[in-house]
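Working notes for the structure below.
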Amino acid sequence: MKKIFIILFAVAASLAATAQNILCDCEGAEIGSQDWWWDRCQPVIVENDGVKCLKFTIWREGQGVPGAQDWEKNNIARGFSGQDFSSKRMIVRLRKSTATNVRLTLEKINSGENYTIAKWHDGKDEWTNLVYDFNGRIADGGVVDALQIYAHIESGETETEDCFLKSIIIEQAPSFEVNDGVMVCHGSWAIGGNCDISAGWQDYTYNDFSGKLEGVKKIDMSDARYYGTEDDLKNTLGDIPIITTAINNVSINEPQSKEKAFSVSGCKVSANYKGIVIKNGRKLICK
């Protein structure tokens with residue numbers, strides 16, 4: 001019988017052993033400060049249900065914000081020194097109460113190049129790990145200087161919304177070795193998808209287990225983290241059991257909203273969308 005221990009994402013995990021790089025964690029920030037964030041969307045460090053985090057206020061598109069340019073009213077931003085994202089993914093832990101795509105933009109300030117990926121947030125007012133996979137999507141080594149998180153409100157909903165950011169983690173690509181049929185995994189493993197806005201809203205999916213399971217009898221995730229749904233993991237692994245320990249950080253994201261339609265990579269789509277959609281938990285073909 002397969003047993004999966006679902007443990008909440010813990011920033012206090014052993015970073016050296018699991019190759020994480022904490023780009024932002026509000027735990028050590030001062031309450032009432034804006035930490036390292038630029039002065040957009042009224043950023044301030046607060047406690048939200050006992051969790052220290054960055055609160056920022058966004059406005060519905062089309063609403064004027066005194067003293068702010070249009071692009072400032074719906075995103076938070078910060079700079080950093082030459083991070084390389086060419087073979088990595090980012091995990092953004094975010095809480096918000098309206099459902100929408102949340103865009104993450106990485107910017108090369110000197111050249112003006114931007115790379116933007118979108119991930120759906122179901123707006124259930126719960127902490128959610130949003131996975132942004134930039135593997136092979138940034139040119140010239142992947143070194144960038146700033147990031148922006150764009151969490152807008154769709155037309156017709158509330159005028160303003162307070163959003164909360166807990167952390168941004170940079171994950172290395174997953175690695176593994178197989179010994180006597182046991183696949184020992186390290187780092188972050190994910191099943192899911194994103195929309196590449198820089199490429200014209202191009203959907204793409206990823207499954208880190210794909211093509212690696214031949215001859216595998218068990219999977220040891222004790223030194224690894226999983227980002228995705230439990231159903232996707234079960235469908236991928238079939239009857240292969242998972243070995244975990246009490247310190248494992250298996251992070252199962254909440255399933256997507258069942259009231260709307262989504263592409264296979266998790267982006268909300270309109271009623272006119274052509275192709276495979278997920279609606280009410282079922283895959284449908286829209287022609």
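Chain labels follow the order of the structure tokens: the first chain is A, the next B, and so on; residue numbering restarts at 1 in every chain, and ligands are counted from 1 in their shown order.
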### Message
Let's see if you can do this: from backbone DSSP, list all strand (DSSP E or B) residues in segment 9-180 of chain A, as a VMD selection string.
### Response
chain A and resid 20 to 25 44 to 48 51 to 60 75 to 84 88 to 95 100 to 108 113 to 121 128 to 133 143 to 150 153 160 to 172 175 to 179
### Long-range neighbours of segment 169-177 of chain A as an MDAnalysis selection string, 7 Å cut-off, only C-alpha atoms, 2 positions minimum in chain
chainID A and resid 19:24 87:92 167 179 183:189
### Query
In segment 56-257 of chain A, what's helix (DSSP H, G or I) per DSSP? Answer as a ChimeraX atom specification?
/A:70-72,140-142,197-199,230-237
Could you take the residues named above and write them with N, CA and C atoms, as a JSON list (two decimals), in the first residue's frame?
[["chain", "number", "residue", "atom", "x", "y", "z"],
["A", 70, "ASP", "N", 0.64, 53.04, -14.06],
["A", 70, "ASP", "CA", -0.22, 51.88, -14.24],
["A", 70, "ASP", "C", 0.47, 50.58, -13.85],
["A", 71, "TRP", "N", 1.73, 50.40, -14.29],
["A", 71, "TRP", "CA", 2.41, 49.14, -14.02],
["A", 71, "TRP", "C", 2.82, 48.98, -12.56],
["A", 72, "GLU", "N", 2.69, 50.03, -11.77],
["A", 72, "GLU", "CA", 3.06, 49.93, -10.36],
["A", 72, "GLU", "C", 1.92, 49.44, -9.48],
["A", 140, "ASP", "N", 21.41, 33.50, -22.66],
["A", 140, "ASP", "CA", 22.71, 34.03, -22.24],
["A", 140, "ASP", "C", 23.01, 33.75, -20.78],
["A", 141, "GLY", "N", 22.85, 32.49, -20.39],
["A", 141, "GLY", "CA", 23.27, 32.10, -19.04],
["A", 141, "GLY", "C", 22.24, 32.25, -17.97],
["A", 142, "GLY", "N", 21.14, 32.97, -18.23],
["A", 142, "GLY", "CA", 20.08, 33.04, -17.25],
["A", 142, "GLY", "C", 20.31, 33.98, -16.09],
["A", 197, "ILE", "N", 4.38, 33.66, -20.90],
["A", 197, "ILE", "CA", 3.81, 34.87, -21.50],
["A", 197, "ILE", "C", 4.79, 35.50, -22.46],
["A", 198, "SER", "N", 6.09, 35.39, -22.16],
["A", 198, "SER", "CA", 7.11, 35.96, -23.05],
["A", 198, "SER", "C", 7.06, 35.33, -24.43],
["A", 199, "ALA", "N", 6.57, 34.09, -24.52],
["A", 199, "ALA", "CA", 6.47, 33.38, -25.80],
["A", 199, "ALA", "C", 5.05, 33.44, -26.35],
["A", 230, "GLU", "N", -1.57, 15.43, -5.47],
["A", 230, "GLU", "CA", -1.41, 14.03, -5.11],
["A", 230, "GLU", "C", -1.90, 13.12, -6.23],
["A", 231, "ASP", "N", -2.96, 13.52, -6.92],
["A", 231, "ASP", "CA", -3.49, 12.71, -8.02],
["A", 231, "ASP", "C", -2.48, 12.58, -9.15],
["A", 232, "ASP", "N", -1.81, 13.69, -9.50],
["A", 232, "ASP", "CA", -0.80, 13.63, -10.56],
["A", 232, "ASP", "C", 0.34, 12.69, -10.18],
["A", 233, "LEU", "N", 0.72, 12.73, -8.90],
["A", 233, "LEU", "CA", 1.80, 11.85, -8.44],
["A", 233, "LEU", "C", 1.38, 10.39, -8.52],
["A", 234, "LYS", "N", 0.17, 10.08, -8.09],
["A", 234, "LYS", "CA", -0.31, 8.70, -8.14],
["A", 234, "LYS", "C", -0.44, 8.22, -9.58],
["A", 235, "ASN", "N", -0.95, 9.09, -10.46],
["A", 235, "ASN", "CA", -1.11, 8.70, -11.86],
["A", 235, "ASN", "C", 0.23, 8.44, -12.53],
["A", 236, "THR", "N", 1.26, 9.18, -12.14],
["A", 236, "THR", "CA", 2.59, 9.00, -12.73],
["A", 236, "THR", "C", 3.28, 7.75, -12.21],
["A", 237, "LEU", "N", 3.19, 7.51, -10.91],
["A", 237, "LEU", "CA", 3.95, 6.41, -10.29],
["A", 237, "LEU", "C", 3.22, 5.09, -10.33]]
### Task
May I ask which of the residues A:Gly123, A:Gly193, A:Gly136, A:Gly181 is the closest one to Glu161 of chain A, counting only C-alpha atoms?
A:Gly123
### Query
Hey, what's within 8 Å of segment 112-115 of chain A if we count only C-alpha atoms and toss same-chain stuff fewer than 2 positions away? As a PyMOL selection string, please?
chain A and resi 105-110+117+137-138+197-198
Please write the residues from the selection above to a file, keeping N, CA and C atoms, as a PDB file, in the first residue's frame.
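Generated file (selection-v3.pdb):
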ATOM      1  N   THR A 105       7.895  37.859 -13.281  1.00  0.00           N
ATOM      2  CA  THR A 105       8.782  38.372 -14.323  1.00  0.00           C
ATOM      3  C   THR A 105      10.201  38.481 -13.797  1.00  0.00           C
ATOM      4  N   LEU A 106      11.146  37.920 -14.538  1.00  0.00           N
ATOM      5  CA  LEU A 106      12.565  38.099 -14.268  1.00  0.00           C
ATOM      6  C   LEU A 106      13.117  39.070 -15.305  1.00  0.00           C
ATOM      7  N   GLU A 107      13.928  40.020 -14.861  1.00  0.00           N
ATOM      8  CA  GLU A 107      14.362  41.111 -15.738  1.00  0.00           C
ATOM      9  C   GLU A 107      15.880  41.243 -15.758  1.00  0.00           C
ATOM     10  N   LYS A 108      16.409  41.429 -16.963  1.00  0.00           N
ATOM     11  CA  LYS A 108      17.799  41.829 -17.131  1.00  0.00           C
ATOM     12  C   LYS A 108      17.802  43.337 -17.345  1.00  0.00           C
ATOM     13  N   ILE A 109      18.197  44.064 -16.322  1.00  0.00           N
ATOM     14  CA  ILE A 109      18.052  45.512 -16.340  1.00  0.00           C
ATOM     15  C   ILE A 109      18.880  46.158 -17.446  1.00  0.00           C
ATOM     16  N   ASN A 110      20.103  45.730 -17.632  1.00  0.00           N
ATOM     17  CA  ASN A 110      20.976  46.373 -18.629  1.00  0.00           C
ATOM     18  C   ASN A 110      20.468  46.192 -20.054  1.00  0.00           C
ATOM     19  N   ILE A 117       6.402  34.300 -16.654  1.00  0.00           N
ATOM     20  CA  ILE A 117       5.685  33.032 -16.588  1.00  0.00           C
ATOM     21  C   ILE A 117       4.489  33.212 -15.659  1.00  0.00           C
ATOM     22  N   ARG A 137      14.670  28.636 -20.379  1.00  0.00           N
ATOM     23  CA  ARG A 137      13.833  29.697 -20.929  1.00  0.00           C
ATOM     24  C   ARG A 137      14.451  31.083 -20.810  1.00  0.00           C
ATOM     25  N   ILE A 138      15.696  31.170 -20.317  1.00  0.00           N
ATOM     26  CA  ILE A 138      16.366  32.459 -20.207  1.00  0.00           C
ATOM     27  C   ILE A 138      17.663  32.397 -21.000  1.00  0.00           C
ATOM     28  N   ILE A 197       4.376  33.664 -20.896  1.00  0.00           N
ATOM     29  CA  ILE A 197       3.808  34.866 -21.496  1.00  0.00           C
ATOM     30  C   ILE A 197       4.792  35.501 -22.461  1.00  0.00           C
ATOM     31  N   SER A 198       6.094  35.390 -22.161  1.00  0.00           N
ATOM     32  CA  SER A 198       7.114  35.956 -23.047  1.00  0.00           C
ATOM     33  C   SER A 198       7.058  35.330 -24.433  1.00  0.00           C
TER      34      SER A 198
END
### Task
Check the smallest atom-to-atom distance from each of A:Thr57, A:Ser33, A:Thr116, A:Thr229 to Glu159 of chain A using only C-alpha atoms, then report the winner.
A:Thr57
### Task
Excluding Val102 of chain A and any residue of its chain fewer than 6 positions from it, enumerate the residues within 8 Å of it, using only C-alpha atoms, and give them as a PyMOL selection string.
chain A and resi 118-121+149-152
